[in-house]
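Coordinates from input-v6.pdb are shown below (PDB, C-alpha atoms and all ligand atoms).
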ATOM      1  CA  MET J  49     -13.492 193.212 180.752  1.00  0.00           C
ATOM      2  CA  ARG J  50     -10.460 191.564 182.310  1.00  0.00           C
ATOM      3  CA  ALA J  51     -12.428 188.289 182.556  1.00  0.00           C
ATOM      4  CA  ALA J  52     -13.535 188.611 178.918  1.00  0.00           C
ATOM      5  CA  ILE J  53      -9.904 189.095 177.853  1.00  0.00           C
ATOM      6  CA  GLU J  54      -8.954 186.006 179.886  1.00  0.00           C
ATOM      7  CA  GLU J  55     -11.546 184.026 177.913  1.00  0.00           C
ATOM      8  CA  ALA J  56     -10.113 185.375 174.658  1.00  0.00           C
ATOM      9  CA  LEU J  57      -6.601 184.314 175.711  1.00  0.00           C
ATOM     10  CA  LYS J  58      -7.885 180.850 176.669  1.00  0.00           C
ATOM     11  CA  GLY J  59      -9.337 180.584 173.172  1.00  0.00           C
ATOM     12  CA  LEU J  60      -6.041 181.635 171.639  1.00  0.00           C
ATOM     13  CA  LYS J  61      -4.227 178.897 173.603  1.00  0.00           C
ATOM     14  CA  GLU J  62      -6.691 176.371 172.195  1.00  0.00           C
ATOM     15  CA  GLY J  63      -5.862 177.536 168.670  1.00  0.00           C
ATOM     16  CA  GLY J  64      -9.073 179.519 168.418  1.00  0.00           C
ATOM     17  CA  VAL J  65     -10.051 183.060 167.504  1.00  0.00           C
ATOM     18  CA  PRO J  66      -9.254 185.285 170.518  1.00  0.00           C
ATOM     19  CA  ILE J  67     -12.660 186.769 171.310  1.00  0.00           C
ATOM     20  CA  GLY J  68     -14.085 186.476 174.822  1.00  0.00           C
ATOM     21  CA  ALA J  69     -17.275 187.546 176.579  1.00  0.00           C
ATOM     22  CA  VAL J  70     -18.797 187.527 180.047  1.00  0.00           C
ATOM     23  CA  LEU J  71     -22.290 188.298 181.324  1.00  0.00           C
ATOM     24  CA  VAL J  72     -22.490 190.255 184.576  1.00  0.00           C
ATOM     25  CA  GLU J  73     -25.389 190.759 186.969  1.00  0.00           C
ATOM     26  CA  ASP J  74     -25.080 192.849 190.143  1.00  0.00           C
ATOM     27  CA  GLY J  75     -21.314 192.840 189.762  1.00  0.00           C
ATOM     28  CA  LYS J  76     -21.145 189.038 189.494  1.00  0.00           C
ATOM     29  CA  ILE J  77     -20.154 187.051 186.437  1.00  0.00           C
ATOM     30  CA  ILE J  78     -23.005 184.669 185.608  1.00  0.00           C
ATOM     31  CA  GLY J  79     -21.694 183.414 182.263  1.00  0.00           C
ATOM     32  CA  ARG J  80     -18.407 183.168 180.379  1.00  0.00           C
ATOM     33  CA  GLY J  81     -17.690 182.275 176.797  1.00  0.00           C
ATOM     34  CA  ARG J  82     -15.203 182.436 173.970  1.00  0.00           C
ATOM     35  CA  ASN J  83     -15.298 182.051 170.226  1.00  0.00           C
ATOM     36  CA  LYS J  84     -15.111 178.323 169.399  1.00  0.00           C
ATOM     37  CA  ARG J  85     -15.323 178.587 165.610  1.00  0.00           C
ATOM     38  CA  VAL J  86     -12.053 176.684 165.227  1.00  0.00           C
ATOM     39  CA  GLN J  87     -12.267 174.395 168.281  1.00  0.00           C
ATOM     40  CA  GLN J  88     -15.754 173.086 167.502  1.00  0.00           C
ATOM     41  CA  GLY J  89     -15.930 173.732 163.766  1.00  0.00           C
ATOM     42  CA  ASP J  90     -19.103 175.681 164.473  1.00  0.00           C
ATOM     43  CA  GLN J  91     -19.488 179.008 162.707  1.00  0.00           C
ATOM     44  CA  LEU J  92     -22.294 180.021 165.076  1.00  0.00           C
ATOM     45  CA  MET J  93     -20.237 179.541 168.236  1.00  0.00           C
ATOM     46  CA  HIS J  94     -19.301 183.168 168.804  1.00  0.00           C
ATOM     47  CA  ALA J  95     -18.029 184.309 172.198  1.00  0.00           C
ATOM     48  CA  GLU J  96     -21.275 186.072 173.100  1.00  0.00           C
ATOM     49  CA  ILE J  97     -23.426 183.089 172.085  1.00  0.00           C
ATOM     50  CA  ASP J  98     -21.170 180.720 174.054  1.00  0.00           C
ATOM     51  CA  CYS J  99     -21.407 183.105 177.018  1.00  0.00           C
ATOM     52  CA  LEU J 100     -25.220 183.265 176.881  1.00  0.00           C
ATOM     53  CA  ARG J 101     -25.329 179.478 176.594  1.00  0.00           C
ATOM     54  CA  ASN J 102     -23.203 179.171 179.711  1.00  0.00           C
ATOM     55  CA  ALA J 103     -25.233 181.706 181.690  1.00  0.00           C
ATOM     56  CA  ARG J 104     -28.293 180.552 183.571  1.00  0.00           C
ATOM     57  CA  LEU J 105     -31.246 179.598 181.414  1.00  0.00           C
ATOM     58  CA  THR J 106     -34.040 181.165 183.440  1.00  0.00           C
ATOM     59  CA  GLY J 107     -34.664 184.430 185.208  1.00  0.00           C
ATOM     60  CA  GLY J 108     -34.220 186.760 182.269  1.00  0.00           C
ATOM     61  CA  TYR J 109     -31.337 188.970 181.275  1.00  0.00           C
ATOM     62  CA  HIS J 110     -32.840 192.406 181.869  1.00  0.00           C
ATOM     63  CA  ASN J 111     -30.421 193.473 184.586  1.00  0.00           C
ATOM     64  CA  THR J 112     -27.331 192.057 182.978  1.00  0.00           C
ATOM     65  CA  ILE J 113     -24.393 193.678 181.206  1.00  0.00           C
ATOM     66  CA  LEU J 114     -22.573 191.846 178.450  1.00  0.00           C
ATOM     67  CA  TYR J 115     -18.840 192.444 178.145  1.00  0.00           C
ATOM     68  CA  SER J 116     -17.130 191.398 174.925  1.00  0.00           C
ATOM     69  CA  THR J 117     -13.563 191.931 173.757  1.00  0.00           C
ATOM     70  CA  LEU J 118     -14.941 193.269 170.485  1.00  0.00           C
ATOM     71  CA  MET J 119     -18.141 194.721 169.092  1.00  0.00           C
ATOM     72  CA  PRO J 120     -20.763 191.984 168.675  1.00  0.00           C
ATOM     73  CA  CYS J 121     -21.648 191.026 165.118  1.00  0.00           C
ATOM     74  CA  TYR J 122     -25.244 190.950 163.846  1.00  0.00           C
ATOM     75  CA  LEU J 123     -25.677 187.348 164.995  1.00  0.00           C
ATOM     76  CA  CYS J 124     -24.752 188.213 168.563  1.00  0.00           C
ATOM     77  CA  ALA J 125     -26.409 191.646 168.481  1.00  0.00           C
ATOM     78  CA  GLY J 126     -29.604 189.821 167.484  1.00  0.00           C
ATOM     79  CA  ALA J 127     -29.298 187.545 170.518  1.00  0.00           C
ATOM     80  CA  ILE J 128     -28.636 190.571 172.758  1.00  0.00           C
ATOM     81  CA  VAL J 129     -31.788 192.288 171.442  1.00  0.00           C
ATOM     82  CA  GLN J 130     -33.751 189.033 171.626  1.00  0.00           C
ATOM     83  CA  PHE J 131     -32.967 188.474 175.311  1.00  0.00           C
ATOM     84  CA  GLY J 132     -33.422 192.090 176.394  1.00  0.00           C
ATOM     85  CA  ILE J 133     -29.870 192.780 177.531  1.00  0.00           C
ATOM     86  CA  LYS J 134     -29.733 196.537 178.132  1.00  0.00           C
ATOM     87  CA  LYS J 135     -26.021 197.298 178.158  1.00  0.00           C
ATOM     88  CA  VAL J 136     -23.033 196.079 176.165  1.00  0.00           C
ATOM     89  CA  VAL J 137     -19.432 197.012 176.925  1.00  0.00           C
ATOM     90  CA  VAL J 138     -16.828 196.255 174.259  1.00  0.00           C
ATOM     91  CA  GLY J 139     -13.038 196.268 174.240  1.00  0.00           C
ATOM     92  CA  GLU J 140     -12.859 197.595 170.689  1.00  0.00           C
ATOM     93  CA  SER J 141     -14.992 198.066 167.601  1.00  0.00           C
ATOM     94  CA  ASN J 142     -12.438 198.286 164.805  1.00  0.00           C
ATOM     95  CA  SER J 143     -13.000 194.787 163.511  1.00  0.00           C
ATOM     96  CA  ALA J 144     -16.796 194.672 163.485  1.00  0.00           C
ATOM     97  CA  PRO J 145     -18.508 198.037 164.010  1.00  0.00           C
ATOM     98  CA  GLU J 146     -21.703 197.448 162.003  1.00  0.00           C
ATOM     99  CA  ALA J 147     -24.061 196.103 164.653  1.00  0.00           C
ATOM    100  CA  SER J 148     -23.523 198.940 167.142  1.00  0.00           C
ATOM    101  CA  ASP J 149     -26.210 201.138 165.511  1.00  0.00           C
ATOM    102  CA  PHE J 150     -28.547 198.154 165.343  1.00  0.00           C
ATOM    103  CA  MET J 151     -28.261 197.575 169.096  1.00  0.00           C
ATOM    104  CA  GLU J 152     -28.591 201.289 169.885  1.00  0.00           C
ATOM    105  CA  SER J 153     -31.715 201.476 167.723  1.00  0.00           C
ATOM    106  CA  HIS J 154     -33.199 198.932 170.139  1.00  0.00           C
ATOM    107  CA  GLY J 155     -32.377 201.092 173.164  1.00  0.00           C
ATOM    108  CA  ILE J 156     -29.256 199.235 174.213  1.00  0.00           C
ATOM    109  CA  GLU J 157     -26.450 201.291 175.735  1.00  0.00           C
ATOM    110  CA  VAL J 158     -23.214 200.464 173.918  1.00  0.00           C
ATOM    111  CA  VAL J 159     -19.924 201.481 175.534  1.00  0.00           C
ATOM    112  CA  ASN J 160     -16.667 201.149 173.626  1.00  0.00           C
ATOM    113  CA  LEU J 161     -13.605 201.066 175.887  1.00  0.00           C
ATOM    114  CA  ASP J 162     -11.362 201.191 172.794  1.00  0.00           C
ATOM    115  CA  MET J 163      -8.605 199.130 174.395  1.00  0.00           C
ATOM    116  CA  LYS J 164      -5.293 198.749 172.595  1.00  0.00           C
ATOM    117  CA  GLU J 165      -4.888 195.297 174.163  1.00  0.00           C
ATOM    118  CA  CYS J 166      -8.103 194.053 172.531  1.00  0.00           C
ATOM    119  CA  ARG J 167      -7.270 195.601 169.150  1.00  0.00           C
ATOM    120  CA  GLU J 168      -3.789 194.086 169.113  1.00  0.00           C
ATOM    121  CA  LEU J 169      -5.097 190.661 170.077  1.00  0.00           C
ATOM    122  CA  MET J 170      -7.296 190.523 166.966  1.00  0.00           C
ATOM    123  CA  GLU J 171      -4.813 192.235 164.639  1.00  0.00           C
ATOM    124  CA  ARG J 172      -2.108 189.742 165.596  1.00  0.00           C
ATOM    125  CA  TYR J 173      -4.436 186.769 165.193  1.00  0.00           C
ATOM    126  CA  ILE J 174      -5.616 187.918 161.761  1.00  0.00           C
ATOM    127  CA  SER J 175      -2.098 188.604 160.469  1.00  0.00           C
ATOM    128  CA  GLU J 176      -0.863 185.204 161.698  1.00  0.00           C
ATOM    129  CA  ASN J 177      -3.877 183.303 160.365  1.00  0.00           C
ATOM    130  CA  ARG J 178      -4.596 185.136 157.140  1.00  0.00           C
ATOM    131  CA  THR J 179      -5.665 182.101 155.076  1.00  0.00           C
ATOM    132  CA  LEU J 180      -8.023 180.822 157.756  1.00  0.00           C
ATOM    133  CA  TRP J 181      -9.390 184.321 158.298  1.00  0.00           C
ATOM    134  CA  ASN J 182     -10.150 184.731 154.586  1.00  0.00           C
ATOM    135  CA  GLU J 183     -11.959 181.387 154.692  1.00  0.00           C
ATOM    136  CA  PHE J 184     -14.137 182.726 157.526  1.00  0.00           C
ATOM    137  CA  LEU J 185     -14.811 185.944 155.627  1.00  0.00           C
ATOM    138  CA  SER J 186     -15.904 183.994 152.562  1.00  0.00           C
ATOM    139  CA  GLU J 187     -18.820 182.597 154.612  1.00  0.00           C
ATOM    140  CA  LEU J 188     -20.230 186.037 155.370  1.00  0.00           C
ATOM    141  CA  ASN J 189     -22.713 188.311 153.673  1.00  0.00           C
ATOM    142  CA  PRO J 190     -20.486 190.268 151.254  1.00  0.00           C
ATOM    143  CA  ASP J 191     -22.432 193.480 152.009  1.00  0.00           C
ATOM    144  CA  LEU J 192     -20.970 193.426 155.524  1.00  0.00           C
ATOM    145  CA  LEU J 193     -17.430 193.226 154.202  1.00  0.00           C
ATOM    146  CA  MET J 194     -17.765 196.307 152.052  1.00  0.00           C
ATOM    147  CA  PRO J 195     -19.450 199.070 153.983  1.00  0.00           C
ATOM    148  CA  SER J 196     -20.056 202.245 151.989  1.00  0.00           C
ATOM    149  CA  GLY J 197     -16.898 204.225 151.419  1.00  0.00           C
ATOM    150  CA  VAL J 198     -14.499 201.285 151.458  1.00  0.00           C
ATOM    151  CA  LYS J 199     -15.771 199.424 148.398  1.00  0.00           C
ATOM    152  CA  SER J 200     -12.355 199.446 146.787  1.00  0.00           C
ATOM    153  CA  LYS J 201     -10.823 197.572 149.691  1.00  0.00           C
ATOM    154  CA  SER J 202      -9.737 194.075 148.772  1.00  0.00           C
ATOM    155  CA  LEU J 203     -11.067 191.173 150.789  1.00  0.00           C
ATOM    156  CA  SER J 204      -7.613 190.295 152.083  1.00  0.00           C
ATOM    157  CA  ASP J 205      -7.224 193.761 153.625  1.00  0.00           C
ATOM    158  CA  ASN J 206     -10.500 193.517 155.379  1.00  0.00           C
ATOM    159  CA  THR J 207     -10.659 192.969 159.112  1.00  0.00           C
ATOM    160  CA  SER J 208     -14.185 194.279 159.578  1.00  0.00           C
ATOM    161  CA  ALA J 209     -15.904 190.993 160.217  1.00  0.00           C
ATOM    162  CA  TYR J 210     -16.261 187.983 162.431  1.00  0.00           C
ATOM    163  CA  PRO J 211     -15.256 184.433 161.731  1.00  0.00           C
TER     164      PRO J 211
HETATM  165 ZN    ZN J 301     -20.917 187.331 166.929  1.00  0.00          ZN
END
Starting from the coordinates I provided, produce the structure as structure tokens.
Ligand SMILES: [Zn+2]
Amino acid sequence: MRAAIEEALKGLKEGGVPIGAVLVEDGKIIGRGRNKRVQQGDQLMHAEIDCLRNARLTGGYHNTILYSTLMPCYLCAGAIVQFGIKKVVVGESNSAPEASDFMESHGIEVVNLDMKECRELMERYISENRTLWNEFLSELNPDLLMPSGVKSKSLSDNTSAYP
């Protein structure tokens, strides 16, 4: 998780969204990535996708563990299911909890370390980049922004999504 946080901090230095991920096999990091939504102007370049891209292309992912500084979104959860990754460890799930059940329904073990450091990293980024963040949110499926029970929440209060 320390390496994933380092990736997130690298992204922050680049002016990007501070989300990092690493893929581990037999205790060794075989891929690293960070969200490059801002750096590359690519809304699909999430930390987990970048990480999988940077990991080896052959050999399968069945014995790997994906570490991410926050709970993967549906895009990344789909990739995790697609490639047969069996375990996901996250730093926090406050900002994007929805896809956890989806991964678990596919037999993936999801571990939430609930780290203050990871939560604060995102909270600070969102509060300092509110306009940009709202732009990102406007790209998303509105159903994801208003989970049942919080329908009265205004968009600008919402942190439960990915850029
Ligand atoms: Zn994602």
- Message: From the options J:Glu140, J:Ile97, J:Gly89, J:His110, which residue's atoms come nearest to Ala127 of chain J, counting all atoms listed in the file?
- Response: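 Looking only at the distances to Ala127 of chain J, the closest residue turns out to be J:Ile97.
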- Message: Which residues are close to segment 128-134 of chain J, i.e. within 8 Å by only C-alpha atoms, leaving aside same-chain residues fewer than 6 positions away? Reply as a list in words.
- Response: Gly108, Tyr109, His110, Asn111, Thr112, Ile113, Leu114, Met151, His154, Gly155, Ile156 and Glu157 of chain J
- Task: Find the distance between atom CA of Ala51 of chain J and atom CA of Tyr115 of chain J and write it in Å to one decimal.
- Result: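 A separation of 8.8 Å between them.
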Residues of chain J that have any atom at most 10 Å from an atom of ligand ZN 301 (chain J): could you tabulate them with the shortest-distance atom pair and the distance in Å to one decimal, using only C-alpha atoms and all ligand atoms, ordered by chain and increasing number, as a Markdown table?
| residue | atom | partner | partner_atom | distance |
| --- | --- | --- | --- | --- |
| J:Ile67 | CA | J:ZN301 | ZN | 9.4 |
| J:Asn83 | CA | J:ZN301 | ZN | 8.4 |
| J:Gln91 | CA | J:ZN301 | ZN | 9.4 |
| J:Leu92 | CA | J:ZN301 | ZN | 7.7 |
| J:Met93 | CA | J:ZN301 | ZN | 7.9 |
| J:His94 | CA | J:ZN301 | ZN | 4.8 |
| J:Ala95 | CA | J:ZN301 | ZN | 6.7 |
| J:Glu96 | CA | J:ZN301 | ZN | 6.3 |
| J:Ile97 | CA | J:ZN301 | ZN | 7.1 |
| J:Asp98 | CA | J:ZN301 | ZN | 9.7 |
| J:Ser116 | CA | J:ZN301 | ZN | 9.7 |
| J:Leu118 | CA | J:ZN301 | ZN | 9.1 |
| J:Met119 | CA | J:ZN301 | ZN | 8.2 |
| J:Pro120 | CA | J:ZN301 | ZN | 5.0 |
| J:Cys121 | CA | J:ZN301 | ZN | 4.2 |
| J:Tyr122 | CA | J:ZN301 | ZN | 6.4 |
| J:Leu123 | CA | J:ZN301 | ZN | 5.1 |
| J:Cys124 | CA | J:ZN301 | ZN | 4.3 |
| J:Ala125 | CA | J:ZN301 | ZN | 7.2 |
| J:Gly126 | CA | J:ZN301 | ZN | 9.1 |
| J:Ala127 | CA | J:ZN301 | ZN | 9.1 |
| J:Ala144 | CA | J:ZN301 | ZN | 9.1 |
| J:Ala147 | CA | J:ZN301 | ZN | 9.6 |
| J:Ala209 | CA | J:ZN301 | ZN | 9.1 |
| J:Tyr210 | CA | J:ZN301 | ZN | 6.5 |
| J:Pro211 | CA | J:ZN301 | ZN | 8.2 |
Test item: axis-aligned box, all listed atoms of segment 110-121 of chain J, 3 Å on each side, centre and edges in Å rounded to one decimal, as JSON:
{"center_x": -23.2, "center_y": 192.9, "center_z": 174.9, "size_x": 25.3, "size_y": 9.7, "size_z": 25.5}
- Selection: 12 Å around Lys58 of chain J, all atoms listed in the file, excl. self and same-chain fewer than 6 positions, as a list in words: Ala51, Ala52, Gly64, Val65, Pro66, Ile67, Gly68, Ala69, Arg80, Gly81, Arg82, Asn83, Lys84, Gln87 and Ala95 of chain J
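Among the candidates J:Asn102, J:Thr117, J:Ser175, J:Ser186, the residue lying nearest to Ala56 of chain J is J:Thr117 (atoms considered: only C-alpha atoms).
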- Query: Between J:Leu60, J:Ile77, J:Val137, J:Val86, which one has atoms that come closest to Ala103 of chain J, using only C-alpha atoms?
  - Reply: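 Counting only C-alpha atoms, the residue closest to Ala103 of chain J is J:Ile77.
Against the coordinates shown, the PyMOL selection byres (((chain J and resi 163) around 12) and not hetatm) returns Met49, Arg50, Ile53, Ser116, Thr117, Leu118, Met119, Val137, Val138, Gly139, Glu140, Ser141, Asn142, Val159, Asn160, Leu161, Asp162, Lys164, Glu165, Cys166, Arg167, Glu168, Leu169 and Met170 of chain J.
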- Task: In Å, rounded to a single decimal, give me how far atom CA of Ser143 of chain J is from atom CA of Trp181 of chain J.
- Result: 12.2 Å
